[in-house]
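Coordinates from final-v4.cif are shown below (mmCIF, C-alpha atoms).
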data_work
#
loop_
_atom_site.label_atom_id
_atom_site.label_comp_id
_atom_site.auth_asym_id
_atom_site.auth_seq_id
_atom_site.Cartn_x
_atom_site.Cartn_y
_atom_site.Cartn_z
CA ILE A 1 208.00 39.38 69.06
CA CYS A 2 205.54 41.77 70.76
CA THR A 3 202.73 40.50 72.99
CA SER A 4 200.39 43.42 72.29
CA GLU A 5 199.83 46.36 69.97
CA THR A 6 201.03 48.64 72.79
CA VAL A 7 204.36 46.81 72.95
CA ARG A 8 204.72 46.92 69.16
CA ARG A 9 204.11 50.69 69.08
CA THR A 10 206.47 51.28 72.01
CA ILE A 11 209.32 49.33 70.40
CA GLU A 12 208.69 51.05 67.06
CA ASN A 13 208.86 54.46 68.78
CA MET A 14 212.08 53.52 70.59
CA PHE A 15 213.79 52.54 67.32
CA SER A 16 212.52 55.68 65.58
CA ARG A 17 213.88 57.90 68.36
CA MET A 18 217.27 56.15 68.32
CA GLU A 19 217.39 56.43 64.55
CA ASP A 20 216.53 60.13 64.70
CA MET A 21 219.13 60.78 67.41
CA LEU A 22 221.86 58.95 65.48
CA ASN A 23 220.98 60.76 62.26
CA ARG A 24 221.25 64.13 64.05
CA THR A 25 224.50 63.39 65.91
CA LEU A 26 226.57 61.25 63.54
CA PRO A 27 228.03 62.45 60.23
CA LEU A 28 226.46 59.84 57.96
CA SER A 29 226.55 59.95 54.16
CA SER A 30 222.91 58.82 54.04
CA PRO A 31 220.30 58.83 56.81
CA LEU A 32 220.05 55.68 58.90
CA LYS A 33 216.73 53.84 58.50
CA HIS A 34 215.97 50.86 60.70
CA GLN A 35 214.62 47.73 59.10
CA ILE A 36 213.26 45.76 61.99
CA ARG A 37 210.31 43.41 61.76
CA LEU A 38 207.98 43.58 64.76
CA GLU A 39 205.42 40.80 64.91
CA LYS A 40 202.49 40.83 67.34
CA VAL A 41 202.00 37.41 68.93
CA PRO A 42 199.75 37.54 71.99
CA LEU A 43 200.23 35.26 74.97
CA GLY A 44 197.74 32.49 75.59
CA VAL A 45 196.49 30.17 78.30
CA ASP A 46 195.89 26.44 78.51
CA THR A 47 192.14 26.14 77.97
CA SER A 48 192.13 22.55 79.18
CA TYR A 49 193.04 23.99 82.62
CA TYR A 50 191.41 27.43 82.44
CA ARG A 51 187.83 26.52 81.64
CA PRO A 52 184.39 27.09 83.16
CA MET A 53 183.77 24.87 86.16
CA ASP A 54 180.74 24.26 88.40
CA GLN A 55 180.33 27.60 90.19
CA ILE A 56 178.49 26.23 93.26
CA LYS A 57 181.14 23.55 93.82
CA CYS A 58 183.94 26.10 93.38
CA ARG A 59 182.26 28.51 95.79
CA LYS A 60 182.10 25.82 98.46
CA GLU A 61 185.83 25.21 97.98
CA PHE A 62 186.56 28.86 98.85
CA GLY A 63 183.82 29.33 101.45
CA PHE A 64 181.73 31.72 99.35
CA ASP A 65 177.93 31.75 99.68
CA ALA A 66 175.83 30.83 96.65
CA GLU A 67 173.93 34.15 96.85
CA ASP A 68 177.03 36.34 96.89
CA ILE A 69 178.00 38.45 93.90
CA ILE A 70 181.75 38.02 93.86
CA ILE A 71 184.10 40.49 92.23
CA LEU A 72 187.63 39.08 91.92
CA TRP A 73 190.97 40.79 91.51
CA PHE A 74 193.97 38.49 91.03
CA GLY A 75 197.55 39.64 90.76
CA ARG A 76 200.62 40.78 92.61
CA PHE A 77 199.96 43.00 95.63
CA SER A 78 202.14 45.97 94.71
CA ASP A 79 201.13 49.59 94.28
CA LEU A 80 204.53 50.37 92.74
CA PHE A 81 204.82 47.60 90.15
CA LYS A 82 201.26 46.52 89.34
CA ALA A 83 198.13 48.36 90.47
CA ASP A 84 197.05 50.79 93.14
CA LEU A 85 194.06 49.00 94.71
CA TYR A 86 192.88 51.95 96.83
CA PRO A 87 190.65 53.31 94.01
CA LEU A 88 189.14 49.81 93.65
CA LEU A 89 188.19 49.86 97.35
CA HIS A 90 186.53 53.24 96.91
CA VAL A 91 184.58 52.10 93.85
CA PHE A 92 183.56 48.92 95.68
CA ARG A 93 182.34 50.98 98.66
CA LYS A 94 180.19 53.05 96.28
CA LEU A 95 178.78 49.85 94.79
CA LEU A 96 177.90 48.62 98.28
CA MET A 97 176.12 51.89 99.13
CA GLN A 98 174.19 51.87 95.85
CA ASN A 99 173.25 48.17 96.03
CA LYS A 100 172.30 47.53 99.66
CA ASP A 101 169.90 44.78 98.59
CA LYS A 102 172.73 42.80 96.90
CA ARG A 103 175.34 40.59 98.56
CA LEU A 104 178.45 42.08 96.98
CA ARG A 105 181.85 40.69 97.94
CA LEU A 106 185.32 41.78 96.81
CA VAL A 107 187.96 39.06 96.74
CA LEU A 108 191.57 40.21 96.41
CA SER A 109 193.89 37.35 95.64
CA GLY A 110 197.52 36.91 94.72
CA SER A 111 201.06 37.18 96.00
CA GLN A 112 203.34 39.85 97.37
CA GLU A 113 207.07 40.28 97.71
CA PRO A 114 208.62 39.09 101.00
CA GLY A 115 209.06 41.97 103.41
CA THR A 116 206.15 43.96 101.99
CA ASP A 117 202.59 44.11 103.27
CA TYR A 118 200.56 45.97 100.68
CA ALA A 119 197.73 43.45 101.17
CA GLY A 120 197.70 44.32 104.88
CA LYS A 121 197.55 48.04 104.06
CA ILE A 122 194.68 47.46 101.67
CA TYR A 123 192.76 45.45 104.28
CA ALA A 124 193.44 48.14 106.91
CA GLU A 125 191.98 50.71 104.50
CA ALA A 126 188.93 48.49 103.95
CA ARG A 127 188.49 48.33 107.75
CA HIS A 128 188.90 52.11 107.99
CA MET A 129 186.20 52.51 105.31
CA GLY A 130 183.90 50.11 107.17
CA ILE A 131 183.76 47.57 104.34
CA ASP A 132 186.12 44.91 105.71
CA ASP A 133 183.22 42.46 106.25
CA PHE A 134 182.74 42.49 102.46
CA VAL A 135 186.43 42.17 101.48
CA LYS A 136 188.39 38.93 101.56
CA ILE A 137 192.10 38.49 100.87
CA ILE A 138 193.38 35.12 99.66
CA PHE A 139 197.08 34.57 99.11
CA HIS A 140 198.40 32.61 96.14
CA HIS A 141 199.74 29.74 98.27
CA GLU A 142 196.21 29.15 99.66
CA ILE A 143 194.83 28.40 96.18
CA GLU A 144 195.14 24.88 94.82
CA ASN A 145 193.32 25.62 91.56
CA ARG A 146 193.26 29.12 90.07
CA ALA A 147 190.65 28.09 87.53
CA ALA A 148 188.33 27.14 90.40
CA LEU A 149 188.80 30.59 91.96
CA TYR A 150 187.94 32.30 88.67
CA SER A 151 184.93 30.01 88.19
CA ALA A 152 183.68 30.79 91.70
CA CYS A 153 183.36 34.47 90.84
CA ASP A 154 180.88 36.57 88.89
CA ILE A 155 183.11 39.42 87.70
CA PHE A 156 186.85 39.76 87.22
CA THR A 157 188.42 43.18 87.64
CA SER A 158 191.89 44.56 87.10
CA PRO A 159 192.50 48.29 87.63
CA VAL A 160 196.07 48.09 86.34
CA ASP A 161 197.80 51.43 85.88
CA ASN A 162 201.43 50.44 85.45
CA VAL A 163 203.60 50.43 82.33
CA GLN A 164 204.78 46.90 83.18
CA GLU A 165 201.38 45.53 82.24
CA THR A 166 201.90 45.21 78.51
CA PHE A 167 199.58 42.25 78.04
CA GLY A 168 197.81 40.95 81.17
CA LEU A 169 197.35 37.21 81.56
CA THR A 170 194.84 37.25 84.42
CA PRO A 171 192.01 38.70 82.31
CA ILE A 172 192.67 35.98 79.71
CA GLU A 173 192.63 33.28 82.40
CA ALA A 174 189.33 34.60 83.78
CA MET A 175 187.84 34.87 80.27
CA ALA A 176 188.75 31.26 79.56
CA CYS A 177 186.80 30.38 82.74
CA GLY A 178 183.75 32.24 81.41
CA VAL A 179 184.01 35.28 83.72
CA PRO A 180 183.19 38.77 82.37
CA GLN A 181 185.76 41.55 82.79
CA VAL A 182 185.86 45.07 84.17
CA VAL A 183 189.42 46.27 83.51
CA SER A 184 191.40 49.44 82.92
CA ASP A 185 191.47 50.92 79.45
CA TRP A 186 195.21 50.27 79.53
CA ASN A 187 197.96 48.89 77.35
CA GLY A 188 197.56 45.19 76.56
CA TYR A 189 194.06 45.03 78.03
CA ARG A 190 192.92 47.06 75.03
CA ASP A 191 193.91 44.13 72.79
CA THR A 192 192.06 41.46 74.77
CA VAL A 193 189.01 43.05 76.43
CA MET A 194 186.41 44.64 74.17
CA ASP A 195 183.96 47.23 75.47
CA ASN A 196 180.49 45.71 75.95
#
Render the structure in this file as structure tokens.
Amino acid sequence: ICTSETVRRTIENMFSRMEDMLNRTLPLSSPLKHQIRLEKVPLGVDTSYYRPMDQIKCRKEFGFDAEDIIILWFGRFSDLFKADLYPLLHVFRKLLMQNKDKRLRLVLSGSQEPGTDYAGKIYAEARHMGIDDFVKIIFHHEIENRAALYSACDIFTSPVDNVQETFGLTPIEAMACGVPQVVSDWNGYRDTVMDN
């Protein structure tokens, strides 16, 4: 079972390479040909939980102003195993400079491994760039209702650039809450987020 077309192609390529290697190295009377069935079955979310909620009420829950334009990233704070968020900070800074009349806010939310502080490094970079007043970090344990966080926001973003992201549940969760996406043209996201 493959969760995305990317996974299906990757597994197919792995079997083809193994088959080719075995055919070249083993003295077989007839070439080996794999007969594996790879079905694509995407992951899903519970739409009775992940659903659009009252945005104003949700914003109050998280202390966001009604006039803010909130861009949300949700995931695991890890530049090694998920996404390098430094480019997101730089893009957000450009957005701030180009839209001085708008109340843009970047909310980074999620969890991180004990003993690491990637979130702290990201916030230090935001401070260094002079945009820390517009960036908020919320840790997973501070969120009672993820659907409310999604519903409080205007845009969901995920700049994933890691091979581990073969599907991507957070864009699906945000979609179910009625939030538009700006995500990487990457792996499983290609199956779930359509351009325009």
Atom pair CA of Glu113 in chain A / CA of Ser151 in chain A: separation (Å): 26.2 Å
Distance query 8 Å from (196.9, 32.0, 99.1) using all atoms listed in the file, result as a list in words: Ser109, Gly110, Ser111, Ile138, Phe139, His140, His141, Glu142 and Ile143 of chain A
Residues within 12 Å of Asp191 in chain A, only C-alpha atoms, excluding chain neighbours under 2 positions, as a VMD selection string: chain A and resid 3 to 8 40 to 43 166 to 169 171 to 172 183 to 189 193 to 195
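The interatomic distance for the pair CA of Cys2 in chain A and CA of Asn162 in chain A works out to 17.5 Å.
For the choices A:Ala147, A:Ile122, A:Leu88, A:Met129, the atom-to-atom distance to Pro159 in chain A is smallest for A:Leu88 when using all atoms listed in the file.
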8 Å contact set for range 44-60 of chain A, all atoms listed in the file, chain neighbours under 2 positions out, as a ChimeraX atom specification: /A:42,62-66,147-149,151-153,169,172-174,176-178
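Distance check against Leu104 in chain A using only C-alpha atoms: of A:Asp161, A:Asp132, A:Glu144, A:Glu39, the minimum falls on A:Asp132.
Here CA of Phe134 in chain A and CA of Phe74 in chain A stand 16.5 Å from one another.
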Result set, the PyMOL selection byres ((chain A and resi 35) around 12) on current file, as a PyMOL selection string: chain A and resi 12+15-16+19+32-34+36-38
Would you write out those residues with C-alpha atoms, as a CSV table (one decimal), in the frame of the given file?
chain,number,residue,atom,x,y,z
A,12,GLU,CA,208.7,51.0,67.1
A,15,PHE,CA,213.8,52.5,67.3
A,16,SER,CA,212.5,55.7,65.6
A,19,GLU,CA,217.4,56.4,64.6
A,32,LEU,CA,220.0,55.7,58.9
A,33,LYS,CA,216.7,53.8,58.5
A,34,HIS,CA,216.0,50.9,60.7
A,36,ILE,CA,213.3,45.8,62.0
A,37,ARG,CA,210.3,43.4,61.8
A,38,LEU,CA,208.0,43.6,64.8
Target residues per the PyMOL selection byres ((chain A and resi 120) around 12), formatted as an NGL selection string: :A and (77-78 or 85 or 108 or 111-112 or 115-119 or 121-127 or 132 or 135-139)
Counting all atoms listed in the file, the residue of A:Lys82, A:Arg9, A:Arg190, A:Arg105 that sits nearest Asp133 in chain A: A:Arg105
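Considering the residues A:Tyr86, A:Leu28, A:Arg76, A:Phe92 and counting only C-alpha atoms, Pro114 in chain A has its shortest atom-to-atom contact with A:Arg76.
For the set A:Ile11, A:Lys102, A:Asn145, A:Leu72, the residue with the smallest atom-to-atom gap to Thr170 in chain A is A:Leu72, counting all atoms listed in the file.
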Residue nearest Glu61 in chain A among A:Tyr150, A:Ser29, A:Met14, A:Gly75 (counting only C-alpha atoms): A:Tyr150
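Against this structure, the PyMOL selection byres ((chain A and resi 71) around 6) ends up with Ile70, Leu72, Leu106, Ile155 and Phe156 of chain A.
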Could you list as a PDB file with C-alpha atoms, in the coordinates of the input every residue that has an atom within 8 Å of (173.7, 41.5, 94.1), using the file's coordinates and counting all atoms listed in the file?
ATOM      1  CA  GLU A  67     173.930  34.150  96.850  1.00  0.00           C
ATOM      2  CA  ASP A  68     177.030  36.340  96.890  1.00  0.00           C
ATOM      3  CA  ILE A  69     178.000  38.450  93.900  1.00  0.00           C
ATOM      4  CA  ASN A  99     173.250  48.170  96.030  1.00  0.00           C
ATOM      5  CA  ASP A 101     169.900  44.780  98.590  1.00  0.00           C
ATOM      6  CA  LYS A 102     172.730  42.800  96.900  1.00  0.00           C
ATOM      7  CA  ARG A 103     175.340  40.590  98.560  1.00  0.00           C
ATOM      8  CA  LEU A 104     178.450  42.080  96.980  1.00  0.00           C
TER       9      LEU A 104
END
